[in-house]
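> Encoded as structure tokens, here's the structure I'll be asking about.
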Amino acid sequence: MGYDANEKAASEKKHDFSDEDSGKGHTITAENVNAKLANPLSGFTQEQLMTDAVAFANKYGLGHLSEMFAKGALVAQDPLAFESLDLLTEEEKEALRREQTHRWSQPLTLYWMVITCSVAAAVQGMDETVINGAQLFFAVQFSIDPNTSDVNAQGRNQWLLGLVNSAPYLCCAVLGCWLTDPLNKFLGRKGTIFLTAAISFLACIWQGVTNSWPHLFIARFVLGLGIGPKSATVPVYAAECAPPPIRGALVMMWQMWTAFGIMLGFASDLIFLKVPNKPHITGLNWRLMLASAGMPALVVMAVVLFCPESPRWLMGKGRYDKAYESLARLRPHPIQAARDLYYIHILLQVEESIVRGNNRYIELFTIPRNRRATLASWIVMFMQQFCGINVIAYYSTNVFKQASFSDTQAFLASFGFGAINFFFSFPAVKTIDTFGRRNLLLTTFPLMSVFLLMTGFAFWIPQSNPAHVGVVALGIYLFTMAYSPGAGPVPFTYSAEAFPLYIRDIGMSFATATLWFFNFIISITFPRLLGAFQPQGAFGWYAAWNVFGFVAVLLFMPETKALSLEELDSVFSVSTRKHSAYQLRALPHNIKKYIFRMNVEPMEPLYHHEGAKTYAPTGAAAA
């Protein structure tokens, strides 16, 4: 393409992200890293970008694609201005148009990756609910029955049952999630998923051969080593591979297929419910229930081997040729792969120029933009647990038993909960990127509070009245319908995109550790809470937390749907005080406009995004 060495040197000088002031260099600090990440290609001429892209291609063994990378660099500078680029062929322009107009028209490899992530989520969901049915049997066998006739032992047994059930989530919170960063560093996304699936499979089989509650506790604690890093890695892997227009929908597949796994777990409980004991094997039914949760992990171990590695991770290791091969499998056209690879490269240059005076863990809280993302992610992860959903996921069979259901009826009712949880998550595939993450939560939290109160109050209906059973089940099902498109998929999607690039893995580790810690709190306390508060008080307790969740989301959670990196940085740069004050003014305005259908004057927008709405390339926009 006729670029001489002087032009190349000038280009490389232009893309040196160490700022210079009057010839005196200074390195980017943590405080302005987000500004550098916001739009690193702005201010460069087309000639400079093309020269730099050719040099980049030659440097990393991609010289045979130098012309494609020159074009990709121009597109990366402004992803929606490609129509004005004469250098692009009509075929390349059509591919870029189709990216915006047919966002679900993607290569089969991308959907294979989605299937892998989906099955990985089902592993987790299935384990969460096989324990729901199994506990009715192993609790009696291991002498930790919370409904024992010995009143003096009830409190002890309630705590011990909660401890056994919560063991994986204790491990996730204190150890498993914090292994995410080193595992991903050394094994990559694929390797981490494979290893954690193997741990999950072995631990599930181990659960099925335990002979005491301490033994079962240890097996389930080890299971947390499989659940924790996997739950932090899979959403990030999906975000790094997904095209920006469908990023939210693909990342939320984690929660949707976790719900599918929850349904499978209840189905497994039903299948093995009537399995009789065999000679020398007591409790064969609950052992098969717990072991069955390992089967999807075998599928993950097989299919993940055929997925491409994360391009972002490969580039971090300097394997640019492999990164391009990976992106070429994940994008419909080479121009899109070249665009995304070059843009991620530029972001990595910015990242490498950062001087981290503080530990990255500390910078989650000391840098204002990071702190706001951390707070918002903490809120959504905390509320996914304290909204009350896992109380039902883990203990619904016990709750239905207290509502005078027979064993079979209780298991069938729990399966109904699992099916509703899965099928009502489908609307979020569209609404999470249109209606928005924040709006889904603000709409569903009040509904969940009402339905939990309805469920709790139903226990005051006399058991002799047929309405007793019906209203309890109806309240739980309505609560689940509200949860599934809102507090179910939003937390993982939100946390996977809120953090800046350079602290992505650590931010996601913090978010998932938060989720699993409070999952542990829920699991260990609910048996005792149910015994002390009775169902009315227990459900009322979580109804109150949903009110808290509404207020916290209203005041402290910015919207992130379909935003480019520039806009995400702008959103999280707004001070918490300013955001909260604006939302308090907007609340009565929106109630009048959307509930009472009144004609009200439009409010001044909180964010002023300049220019036309654009999607940044995947490397920028992903978590």
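Lettering and numbering for the structure tokens are positional, with chains as A, B, ... in the shown order, residues counted from 1 in each chain, and ligands counted from 1 in the shown order.
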Sort by chain and increasing residue number a table of all residues of range 92-150 of chain A within 10 Å of range 276-287 of chain A, each with its closest pair of atoms and their distance in Å to one decimal, counting only C-alpha atoms, and write it as a tab-separated table.

```
residue	atom	partner	partner_atom	distance
A:Val130	CA	A:Trp286	CA	8.5
A:Ile131	CA	A:Trp286	CA	8.4
A:Gly133	CA	A:Trp286	CA	7.5
A:Ala134	CA	A:Trp286	CA	4.6
A:Gln135	CA	A:Trp286	CA	7.7
A:Leu136	CA	A:Trp286	CA	8.5
A:Phe137	CA	A:Trp286	CA	6.4
A:Phe138	CA	A:Trp286	CA	6.8
A:Val140	CA	A:Gly283	CA	9.9
A:Gln141	CA	A:Gly283	CA	7.6
```
> As a compact mmCIF listing (two decimals) with all heavy atoms, in the first residue's frame, please: the residues near Ala242 in chain A (cut-off 12 Å, only C-alpha atoms, same-chain neighbours under 6 positions excluded).

```txt
# COMPACT_ATOMS: atom_id res chain seq x y z
N ARG A 103 -29.32 -8.44 13.51
CA ARG A 103 -28.33 -8.65 14.57
C ARG A 103 -28.21 -10.11 15.00
O ARG A 103 -27.20 -10.50 15.57
CB ARG A 103 -28.66 -7.79 15.79
CG ARG A 103 -30.02 -8.02 16.40
CD ARG A 103 -30.23 -7.10 17.58
NE ARG A 103 -31.43 -7.45 18.34
CZ ARG A 103 -31.64 -7.11 19.60
NH1 ARG A 103 -30.72 -6.43 20.25
NH2 ARG A 103 -32.74 -7.46 20.21
N TRP A 104 -29.22 -10.93 14.72
CA TRP A 104 -29.13 -12.35 15.11
C TRP A 104 -28.59 -13.22 13.98
O TRP A 104 -28.52 -14.45 14.12
CB TRP A 104 -30.50 -12.85 15.56
CG TRP A 104 -30.92 -12.24 16.86
CD1 TRP A 104 -31.81 -11.23 17.04
CD2 TRP A 104 -30.44 -12.58 18.16
NE1 TRP A 104 -31.93 -10.90 18.37
CE2 TRP A 104 -31.09 -11.72 19.08
CE3 TRP A 104 -29.52 -13.51 18.64
CZ2 TRP A 104 -30.86 -11.78 20.46
CZ3 TRP A 104 -29.28 -13.57 20.01
CH2 TRP A 104 -29.95 -12.71 20.90
N GLN A 106 -25.71 -14.58 12.70
CA GLN A 106 -24.34 -14.76 13.17
C GLN A 106 -23.81 -16.12 12.75
O GLN A 106 -24.59 -17.03 12.44
CB GLN A 106 -24.28 -14.62 14.70
CG GLN A 106 -24.80 -13.31 15.25
CD GLN A 106 -23.92 -12.13 14.87
OE1 GLN A 106 -22.75 -12.29 14.53
NE2 GLN A 106 -24.50 -10.93 14.90
N PRO A 107 -22.50 -16.32 12.76
CA PRO A 107 -21.93 -17.62 12.39
C PRO A 107 -22.34 -18.72 13.36
O PRO A 107 -22.63 -18.46 14.54
CB PRO A 107 -20.41 -17.38 12.46
CG PRO A 107 -20.24 -15.90 12.39
CD PRO A 107 -21.47 -15.30 13.01
N THR A 109 -20.48 -20.82 14.72
CA THR A 109 -19.51 -20.92 15.81
C THR A 109 -19.93 -20.08 17.00
O THR A 109 -19.74 -20.49 18.16
CB THR A 109 -18.12 -20.46 15.33
OG1 THR A 109 -17.73 -21.26 14.22
CG2 THR A 109 -17.09 -20.59 16.43
N LEU A 110 -20.50 -18.92 16.74
CA LEU A 110 -20.96 -18.08 17.84
C LEU A 110 -22.07 -18.78 18.61
O LEU A 110 -22.09 -18.77 19.85
CB LEU A 110 -21.44 -16.73 17.31
CG LEU A 110 -21.93 -15.75 18.39
CD1 LEU A 110 -20.76 -15.25 19.22
CD2 LEU A 110 -22.66 -14.56 17.77
N TYR A 111 -22.98 -19.41 17.90
CA TYR A 111 -24.07 -20.10 18.57
C TYR A 111 -23.58 -21.36 19.28
O TYR A 111 -24.14 -21.76 20.30
CB TYR A 111 -25.19 -20.40 17.58
CG TYR A 111 -25.94 -19.16 17.17
CD1 TYR A 111 -25.80 -18.61 15.90
CD2 TYR A 111 -26.74 -18.49 18.08
CE1 TYR A 111 -26.46 -17.45 15.53
CE2 TYR A 111 -27.41 -17.33 17.73
CZ TYR A 111 -27.26 -16.81 16.46
OH TYR A 111 -27.91 -15.65 16.11
N TRP A 112 -22.53 -21.98 18.77
CA TRP A 112 -21.91 -23.10 19.49
C TRP A 112 -21.35 -22.62 20.82
O TRP A 112 -21.48 -23.29 21.85
CB TRP A 112 -20.82 -23.73 18.63
CG TRP A 112 -20.18 -24.94 19.24
CD1 TRP A 112 -19.04 -24.98 19.99
CD2 TRP A 112 -20.67 -26.28 19.20
NE1 TRP A 112 -18.77 -26.26 20.41
CE2 TRP A 112 -19.75 -27.09 19.93
CE3 TRP A 112 -21.78 -26.90 18.61
CZ2 TRP A 112 -19.91 -28.46 20.08
CZ3 TRP A 112 -21.94 -28.26 18.76
CH2 TRP A 112 -21.02 -29.03 19.49
N MET A 113 -20.70 -21.45 20.80
CA MET A 113 -20.21 -20.85 22.03
C MET A 113 -21.35 -20.56 23.00
O MET A 113 -21.24 -20.78 24.21
CB MET A 113 -19.43 -19.57 21.70
CG MET A 113 -18.80 -18.86 22.89
SD MET A 113 -19.92 -17.70 23.74
CE MET A 113 -20.19 -16.47 22.48
N VAL A 114 -22.48 -20.08 22.46
CA VAL A 114 -23.64 -19.79 23.29
C VAL A 114 -24.16 -21.08 23.94
O VAL A 114 -24.51 -21.11 25.13
CB VAL A 114 -24.75 -19.12 22.45
CG1 VAL A 114 -26.05 -19.02 23.25
CG2 VAL A 114 -24.31 -17.75 21.99
N CYS A 117 -21.89 -22.04 26.84
CA CYS A 117 -22.15 -21.20 28.02
C CYS A 117 -23.47 -21.57 28.67
O CYS A 117 -23.61 -21.53 29.89
CB CYS A 117 -22.14 -19.73 27.62
SG CYS A 117 -20.53 -19.13 27.06
N VAL A 234 -17.77 -17.47 32.68
CA VAL A 234 -18.65 -17.67 31.53
C VAL A 234 -19.29 -16.36 31.05
O VAL A 234 -19.29 -16.09 29.83
CB VAL A 234 -19.72 -18.74 31.84
CG1 VAL A 234 -20.76 -18.81 30.73
CG2 VAL A 234 -19.07 -20.10 32.02
N PRO A 235 -19.85 -15.50 31.92
CA PRO A 235 -20.42 -14.25 31.40
C PRO A 235 -19.39 -13.36 30.73
O PRO A 235 -19.68 -12.70 29.72
CB PRO A 235 -21.02 -13.58 32.66
CG PRO A 235 -21.27 -14.71 33.60
CD PRO A 235 -20.15 -15.66 33.37
N VAL A 236 -18.17 -13.31 31.28
CA VAL A 236 -17.11 -12.49 30.67
C VAL A 236 -16.70 -13.09 29.32
O VAL A 236 -16.50 -12.36 28.33
CB VAL A 236 -15.90 -12.39 31.61
CG1 VAL A 236 -14.71 -11.75 30.90
CG2 VAL A 236 -16.27 -11.56 32.84
N GLY A 248 -25.98 -7.93 25.40
CA GLY A 248 -26.81 -8.12 26.59
C GLY A 248 -27.60 -9.41 26.55
O GLY A 248 -27.68 -10.15 27.53
N ALA A 249 -28.19 -9.69 25.37
CA ALA A 249 -29.01 -10.90 25.26
C ALA A 249 -28.17 -12.16 25.42
O ALA A 249 -28.60 -13.13 26.06
CB ALA A 249 -29.72 -10.91 23.90
N LEU A 250 -26.96 -12.17 24.85
CA LEU A 250 -26.13 -13.36 24.95
C LEU A 250 -25.57 -13.55 26.35
O LEU A 250 -25.50 -14.68 26.85
CB LEU A 250 -24.98 -13.30 23.93
CG LEU A 250 -25.38 -13.44 22.46
CD1 LEU A 250 -24.15 -13.58 21.58
CD2 LEU A 250 -26.30 -14.64 22.24
N VAL A 251 -25.17 -12.46 27.00
CA VAL A 251 -24.64 -12.59 28.36
C VAL A 251 -25.74 -13.05 29.32
O VAL A 251 -25.50 -13.82 30.24
CB VAL A 251 -24.00 -11.27 28.83
CG1 VAL A 251 -23.55 -11.38 30.28
CG2 VAL A 251 -22.81 -10.92 27.95
N MET A 252 -26.98 -12.58 29.09
CA MET A 252 -28.06 -12.99 29.99
C MET A 252 -28.45 -14.45 29.80
O MET A 252 -29.18 -15.00 30.63
CB MET A 252 -29.29 -12.10 29.80
CG MET A 252 -30.04 -12.30 28.51
SD MET A 252 -31.84 -12.27 28.70
CE MET A 252 -32.13 -13.82 29.52
N MET A 253 -27.94 -15.09 28.74
CA MET A 253 -28.19 -16.52 28.59
C MET A 253 -27.68 -17.30 29.79
O MET A 253 -28.20 -18.38 30.11
CB MET A 253 -27.49 -17.05 27.32
CG MET A 253 -28.06 -16.52 26.02
SD MET A 253 -29.70 -17.18 25.66
CE MET A 253 -30.03 -16.41 24.07
N PRO A 308 -13.94 -21.40 20.11
CA PRO A 308 -12.75 -20.55 20.00
C PRO A 308 -12.42 -19.93 21.35
O PRO A 308 -13.30 -19.69 22.17
CB PRO A 308 -13.19 -19.47 18.99
CG PRO A 308 -14.68 -19.43 19.12
CD PRO A 308 -15.12 -20.82 19.46
N SER A 310 -11.23 -16.87 23.83
CA SER A 310 -11.54 -15.45 23.83
C SER A 310 -10.46 -14.66 23.09
O SER A 310 -9.27 -14.76 23.44
CB SER A 310 -11.64 -14.94 25.27
OG SER A 310 -11.51 -13.54 25.32
N PRO A 311 -10.82 -13.89 22.06
CA PRO A 311 -9.81 -13.08 21.36
C PRO A 311 -9.09 -12.12 22.29
O PRO A 311 -7.87 -11.92 22.17
CB PRO A 311 -10.63 -12.33 20.30
CG PRO A 311 -11.89 -13.11 20.15
CD PRO A 311 -12.16 -13.73 21.48
N ARG A 312 -9.81 -11.56 23.22
CA ARG A 312 -9.22 -10.61 24.17
C ARG A 312 -8.14 -11.30 25.01
O ARG A 312 -7.07 -10.73 25.27
CB ARG A 312 -10.34 -10.04 25.05
CG ARG A 312 -9.87 -9.29 26.30
CD ARG A 312 -9.11 -8.03 25.96
NE ARG A 312 -8.77 -7.30 27.16
CZ ARG A 312 -7.75 -7.61 27.96
NH1 ARG A 312 -6.98 -8.64 27.69
NH2 ARG A 312 -7.50 -6.86 29.02
N SER A 326 -9.71 -16.67 15.85
CA SER A 326 -10.87 -16.80 16.73
C SER A 326 -11.98 -15.83 16.33
O SER A 326 -13.15 -16.21 16.19
CB SER A 326 -10.45 -16.55 18.18
OG SER A 326 -11.54 -16.63 19.06
N LEU A 327 -11.62 -14.56 16.12
CA LEU A 327 -12.61 -13.56 15.72
C LEU A 327 -13.20 -13.87 14.35
O LEU A 327 -14.39 -13.62 14.11
CB LEU A 327 -11.98 -12.17 15.72
CG LEU A 327 -12.03 -11.39 17.03
CD1 LEU A 327 -11.23 -10.11 16.93
CD2 LEU A 327 -13.47 -11.09 17.43
N ARG A 329 -13.86 -16.70 13.20
CA ARG A 329 -14.89 -17.73 13.40
C ARG A 329 -16.14 -17.17 14.06
O ARG A 329 -17.22 -17.73 13.94
CB ARG A 329 -14.33 -18.86 14.27
CG ARG A 329 -13.20 -19.66 13.63
CD ARG A 329 -12.62 -20.66 14.61
NE ARG A 329 -13.61 -21.65 15.03
CZ ARG A 329 -13.44 -22.51 16.03
NH1 ARG A 329 -12.31 -22.49 16.73
NH2 ARG A 329 -14.39 -23.38 16.34
N LEU A 330 -15.99 -16.04 14.76
CA LEU A 330 -17.10 -15.48 15.53
C LEU A 330 -17.80 -14.33 14.81
O LEU A 330 -18.81 -13.82 15.32
CB LEU A 330 -16.58 -14.97 16.89
CG LEU A 330 -16.09 -16.05 17.86
CD1 LEU A 330 -15.28 -15.42 18.98
CD2 LEU A 330 -17.27 -16.84 18.43
N ARG A 331 -17.28 -13.89 13.68
CA ARG A 331 -17.87 -12.77 12.95
C ARG A 331 -18.26 -13.22 11.54
O ARG A 331 -17.59 -14.05 10.93
CB ARG A 331 -16.87 -11.61 12.85
CG ARG A 331 -16.47 -11.01 14.19
CD ARG A 331 -17.65 -10.31 14.86
NE ARG A 331 -17.26 -9.77 16.15
CZ ARG A 331 -17.36 -10.43 17.30
NH1 ARG A 331 -17.85 -11.66 17.32
NH2 ARG A 331 -16.99 -9.87 18.43
N PRO A 332 -19.31 -12.63 11.00
CA PRO A 332 -19.77 -13.04 9.66
C PRO A 332 -18.80 -12.70 8.55
O PRO A 332 -18.78 -13.38 7.52
CB PRO A 332 -21.09 -12.28 9.49
CG PRO A 332 -21.53 -11.94 10.88
CD PRO A 332 -20.28 -11.72 11.65
N ALA A 337 -13.95 -8.86 11.78
CA ALA A 337 -12.90 -9.45 12.60
C ALA A 337 -11.69 -8.53 12.67
O ALA A 337 -11.10 -8.33 13.74
CB ALA A 337 -12.51 -10.82 12.04
N ASP A 340 -12.51 -5.41 14.92
CA ASP A 340 -12.54 -5.70 16.35
C ASP A 340 -11.16 -6.01 16.90
O ASP A 340 -10.80 -5.59 18.00
CB ASP A 340 -13.50 -6.85 16.63
CG ASP A 340 -14.95 -6.48 16.40
OD1 ASP A 340 -15.20 -5.29 16.11
OD2 ASP A 340 -15.82 -7.36 16.49
N GLU A 497 -20.62 -5.91 32.22
CA GLU A 497 -20.36 -4.80 31.30
C GLU A 497 -20.04 -3.50 32.02
O GLU A 497 -19.60 -2.54 31.39
CB GLU A 497 -21.57 -4.58 30.38
CG GLU A 497 -22.81 -4.12 31.09
CD GLU A 497 -24.07 -4.18 30.22
OE1 GLU A 497 -23.94 -4.57 29.05
OE2 GLU A 497 -25.15 -3.87 30.73
N PRO A 617 -16.90 -1.42 18.98
CA PRO A 617 -16.55 -2.81 18.72
C PRO A 617 -16.52 -3.62 20.00
O PRO A 617 -16.38 -3.09 21.09
CB PRO A 617 -15.15 -2.70 18.09
CG PRO A 617 -15.12 -1.35 17.48
CD PRO A 617 -15.94 -0.49 18.39
N THR A 618 -16.64 -4.94 19.86
CA THR A 618 -16.84 -5.82 20.99
C THR A 618 -15.77 -5.68 22.05
O THR A 618 -16.05 -5.72 23.23
CB THR A 618 -16.87 -7.28 20.50
OG1 THR A 618 -17.92 -7.40 19.57
CG2 THR A 618 -17.10 -8.25 21.63
N GLY A 619 -14.55 -5.55 21.65
CA GLY A 619 -13.49 -5.47 22.64
C GLY A 619 -13.67 -4.30 23.57
O GLY A 619 -13.25 -4.32 24.72
N ALA A 620 -14.31 -3.25 23.11
CA ALA A 620 -14.55 -2.12 23.96
C ALA A 620 -15.77 -2.29 24.79
O ALA A 620 -15.81 -1.96 25.95
CB ALA A 620 -14.66 -0.89 23.09
N ALA A 621 -16.79 -2.78 24.18
CA ALA A 621 -18.08 -2.77 24.85
C ALA A 621 -18.27 -3.90 25.81
O ALA A 621 -19.07 -3.81 26.71
CB ALA A 621 -19.18 -2.82 23.79
N ALA A 622 -17.56 -4.98 25.64
CA ALA A 622 -17.73 -6.10 26.54
C ALA A 622 -17.27 -5.73 27.90
O ALA A 622 -16.57 -4.81 28.14
CB ALA A 622 -16.97 -7.30 26.02
N ALA A 623 -17.71 -6.58 28.82
CA ALA A 623 -17.57 -6.30 30.25
C ALA A 623 -16.33 -5.55 30.61
O ALA A 623 -15.23 -6.04 30.51
CB ALA A 623 -17.58 -7.61 30.99
```
> How close does each residue of range 319-423 of chain A get to range 39-53 of chain A, giving the shortest atom pair and distance in Å to one decimal for every residue with an atom at most 9 Å away, counting only C-alpha atoms, sorted by chain and residue number, as a tab-separated table?

```
residue	atom	partner	partner_atom	distance
A:Tyr342	CA	A:Ala53	CA	7.3
A:Tyr343	CA	A:Leu41	CA	8.5
A:Ile346	CA	A:Pro40	CA	7.1
A:Leu347	CA	A:Pro40	CA	7.2
A:Val350	CA	A:Pro40	CA	8.0
```
> Determine the nearest neighbour of Gly176 in chain A from the options A:Val275, A:Leu225, A:Ala496, A:Ile522, counting only C-alpha atoms.
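Using only C-alpha atoms, Gly176 in chain A sits closest to A:Leu225.
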> Just want the 10 Å neighbourhood of Ala267 in chain A, counted on only C-alpha atoms, with same-chain residues fewer than 2 positions away dropped. Output as a ChimeraX atom specification.
/A:126,129-130,261-265,269-273,289,411-412,414-416,418-419
> Those residues with C-alpha atoms, as an mmCIF file, in the first residue's frame please?

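File produced: part_21.cif:
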```cif
data_model
loop_
_atom_site.group_PDB
_atom_site.id
_atom_site.type_symbol
_atom_site.label_atom_id
_atom_site.label_comp_id
_atom_site.auth_asym_id
_atom_site.auth_seq_id
_atom_site.Cartn_x
_atom_site.Cartn_y
_atom_site.Cartn_z
ATOM 1 C CA MET A 126 -29.241 -28.121 38.434
ATOM 2 C CA THR A 129 -32.269 -27.569 43.027
ATOM 3 C CA VAL A 130 -31.386 -31.256 43.310
ATOM 4 C CA GLY A 261 -30.832 -26.140 35.036
ATOM 5 C CA ILE A 262 -33.072 -25.346 37.997
ATOM 6 C CA MET A 263 -35.972 -26.905 36.108
ATOM 7 C CA LEU A 264 -33.823 -29.947 35.253
ATOM 8 C CA GLY A 265 -32.929 -30.314 38.916
ATOM 9 C CA ASP A 269 -35.896 -34.980 41.892
ATOM 10 C CA LEU A 270 -39.183 -36.219 40.436
ATOM 11 C CA ILE A 271 -37.521 -38.968 38.394
ATOM 12 C CA PHE A 272 -35.633 -40.446 41.357
ATOM 13 C CA LEU A 273 -38.249 -39.745 44.048
ATOM 14 C CA MET A 289 -30.559 -36.839 42.746
ATOM 15 C CA PHE A 411 -42.169 -32.201 44.168
ATOM 16 C CA LEU A 412 -44.571 -31.487 41.304
ATOM 17 C CA SER A 414 -41.512 -27.350 42.862
ATOM 18 C CA PHE A 415 -41.095 -28.542 39.275
ATOM 19 C CA GLY A 416 -43.797 -26.052 38.288
ATOM 20 C CA GLY A 418 -38.690 -24.374 37.935
ATOM 21 C CA ALA A 419 -40.584 -24.479 34.637
#
```
> I need the residues in range 23-127 of chain A that are strand (DSSP E) according to DSSP; give them as number ranges by chain.
A: 24-26, 28-29
> Mind writing the picked residues with N, CA and C atoms as an mmCIF file, in the first residue's frame?

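As written to disk, again_10.cif reads:
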```cif
data_model
loop_
_atom_site.group_PDB
_atom_site.id
_atom_site.type_symbol
_atom_site.label_atom_id
_atom_site.label_comp_id
_atom_site.auth_asym_id
_atom_site.auth_seq_id
_atom_site.Cartn_x
_atom_site.Cartn_y
_atom_site.Cartn_z
ATOM 1 N N LYS A 24 7.822 16.495 27.321
ATOM 2 C CA LYS A 24 8.107 15.811 28.572
ATOM 3 C C LYS A 24 7.043 14.753 28.777
ATOM 4 N N GLY A 25 7.404 13.478 28.755
ATOM 5 C CA GLY A 25 6.426 12.394 28.856
ATOM 6 C C GLY A 25 5.982 12.160 30.279
ATOM 7 N N HIS A 26 4.743 11.806 30.444
ATOM 8 C CA HIS A 26 4.268 11.313 31.730
ATOM 9 C C HIS A 26 3.291 10.189 31.477
ATOM 10 N N ILE A 28 0.154 7.521 31.921
ATOM 11 C CA ILE A 28 -1.259 7.596 32.274
ATOM 12 C C ILE A 28 -1.456 7.082 33.690
ATOM 13 N N THR A 29 -2.196 7.794 34.475
ATOM 14 C CA THR A 29 -2.498 7.355 35.833
ATOM 15 C C THR A 29 -3.864 6.712 35.868
#
```
> Run DSSP on the backbone of this structure and report the residues of range 196-302 of chain A it assigns to helix (DSSP H, G or I), as a PyMOL selection string.
chain A and resi 196-207+213-241+244-251+253-272+284-292+295-302
> Those selected residues, please, written with C-alpha atoms and delivered as a compact mmCIF listing (two decimals), in the first residue's frame.

```txt
# COMPACT_ATOMS: atom_id res chain seq x y z
CA THR A 196 -14.34 -26.08 36.69
CA ALA A 197 -16.72 -28.39 34.81
CA ALA A 198 -14.46 -31.32 35.72
CA ILE A 199 -14.47 -30.29 39.38
CA SER A 200 -18.25 -29.94 39.30
CA PHE A 201 -18.68 -33.43 37.81
CA LEU A 202 -16.40 -35.13 40.34
CA ALA A 203 -17.89 -33.25 43.30
CA CYS A 204 -21.45 -34.14 42.27
CA ILE A 205 -20.54 -37.84 42.11
CA TRP A 206 -18.79 -37.46 45.48
CA GLN A 207 -21.98 -36.05 47.01
CA TRP A 213 -23.50 -34.76 57.12
CA PRO A 214 -19.86 -33.58 57.66
CA HIS A 215 -18.80 -35.74 54.69
CA LEU A 216 -21.57 -34.26 52.55
CA PHE A 217 -20.60 -30.76 53.70
CA ILE A 218 -16.99 -31.30 52.52
CA ALA A 219 -18.10 -32.67 49.13
CA ARG A 220 -20.41 -29.72 48.60
CA PHE A 221 -17.73 -27.27 49.72
CA VAL A 222 -15.41 -28.64 47.01
CA LEU A 223 -18.25 -28.24 44.54
CA GLY A 224 -17.92 -24.49 45.14
CA LEU A 225 -14.49 -24.62 43.50
CA GLY A 226 -16.31 -25.60 40.31
CA ILE A 227 -19.21 -23.19 40.64
CA GLY A 228 -17.39 -19.98 41.68
CA PRO A 229 -14.76 -19.46 38.93
CA LYS A 230 -17.20 -20.75 36.31
CA SER A 231 -19.88 -18.24 37.29
CA ALA A 232 -17.38 -15.38 36.96
CA THR A 233 -15.73 -16.63 33.76
CA VAL A 234 -18.65 -17.67 31.53
CA PRO A 235 -20.42 -14.25 31.40
CA VAL A 236 -17.11 -12.49 30.67
CA TYR A 237 -16.25 -15.08 27.98
CA ALA A 238 -19.65 -14.52 26.37
CA ALA A 239 -19.26 -10.74 26.56
CA GLU A 240 -15.81 -10.85 24.96
CA CYS A 241 -16.99 -13.02 22.07
CA PRO A 244 -22.21 -5.50 20.66
CA PRO A 245 -25.84 -5.31 19.36
CA ILE A 246 -26.70 -8.64 21.02
CA ARG A 247 -24.19 -8.54 23.88
CA GLY A 248 -26.81 -8.12 26.59
CA ALA A 249 -29.01 -10.90 25.26
CA LEU A 250 -26.13 -13.36 24.95
CA VAL A 251 -24.64 -12.59 28.36
CA MET A 253 -28.19 -16.52 28.59
CA TRP A 254 -26.16 -17.43 31.68
CA GLN A 255 -29.10 -16.72 33.95
CA MET A 256 -31.73 -18.02 31.54
CA TRP A 257 -30.02 -21.39 31.27
CA THR A 258 -29.31 -21.42 34.99
CA ALA A 259 -33.10 -21.33 35.22
CA PHE A 260 -33.22 -24.24 32.77
CA GLY A 261 -30.83 -26.14 35.04
CA ILE A 262 -33.07 -25.35 38.00
CA MET A 263 -35.97 -26.90 36.11
CA LEU A 264 -33.82 -29.95 35.25
CA GLY A 265 -32.93 -30.31 38.92
CA PHE A 266 -36.58 -30.48 39.91
CA ALA A 267 -37.20 -32.95 37.08
CA SER A 268 -34.35 -35.10 38.42
CA ASP A 269 -35.90 -34.98 41.89
CA LEU A 270 -39.18 -36.22 40.44
CA ILE A 271 -37.52 -38.97 38.39
CA PHE A 272 -35.63 -40.45 41.36
CA LEU A 284 -30.39 -44.39 46.83
CA ASN A 285 -33.00 -41.88 45.67
CA TRP A 286 -31.34 -38.79 47.14
CA ARG A 287 -27.88 -40.05 46.13
CA LEU A 288 -28.98 -40.29 42.49
CA MET A 289 -30.56 -36.84 42.75
CA LEU A 290 -27.30 -35.22 43.88
CA ALA A 291 -25.07 -37.18 41.48
CA SER A 292 -27.28 -36.40 38.48
CA MET A 295 -24.13 -34.98 33.99
CA PRO A 296 -24.35 -31.56 32.26
CA ALA A 297 -20.75 -30.91 33.36
CA LEU A 298 -19.63 -33.82 31.17
CA VAL A 299 -21.34 -32.17 28.20
CA VAL A 300 -19.52 -28.90 28.95
CA MET A 301 -16.16 -30.67 29.09
CA ALA A 302 -16.82 -32.14 25.63
```
> With only C-alpha atoms as the atoms that count, which of A:Thr444, A:Ser377, A:Thr480, A:Ser464 lies nearest to Met557 in chain A?
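Answer, going by the shortest atom-to-atom distance: A:Ser377.
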> Report, in Å to a single decimal, how far apart CA of Pro462 in chain A and CA of Gln536 in chain A are.
13.3 Å
> Name the residues in contact with Phe499 in chain A at a cut-off of 10 Å, using only C-alpha atoms, excluding same-chain residues fewer than 3 positions from it; report them as a list in words.
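Those residues are Leu364, Arg369, Asn370, Arg371, Arg372, Ala373, Thr374, Ser377, Tyr494, Ser495, Ala496, Tyr502, Ile503, Arg504, Asp505, Ile506, Gly507, Met508, Leu568, Asp569, Phe572, Ala622 and Ala623 of chain A.
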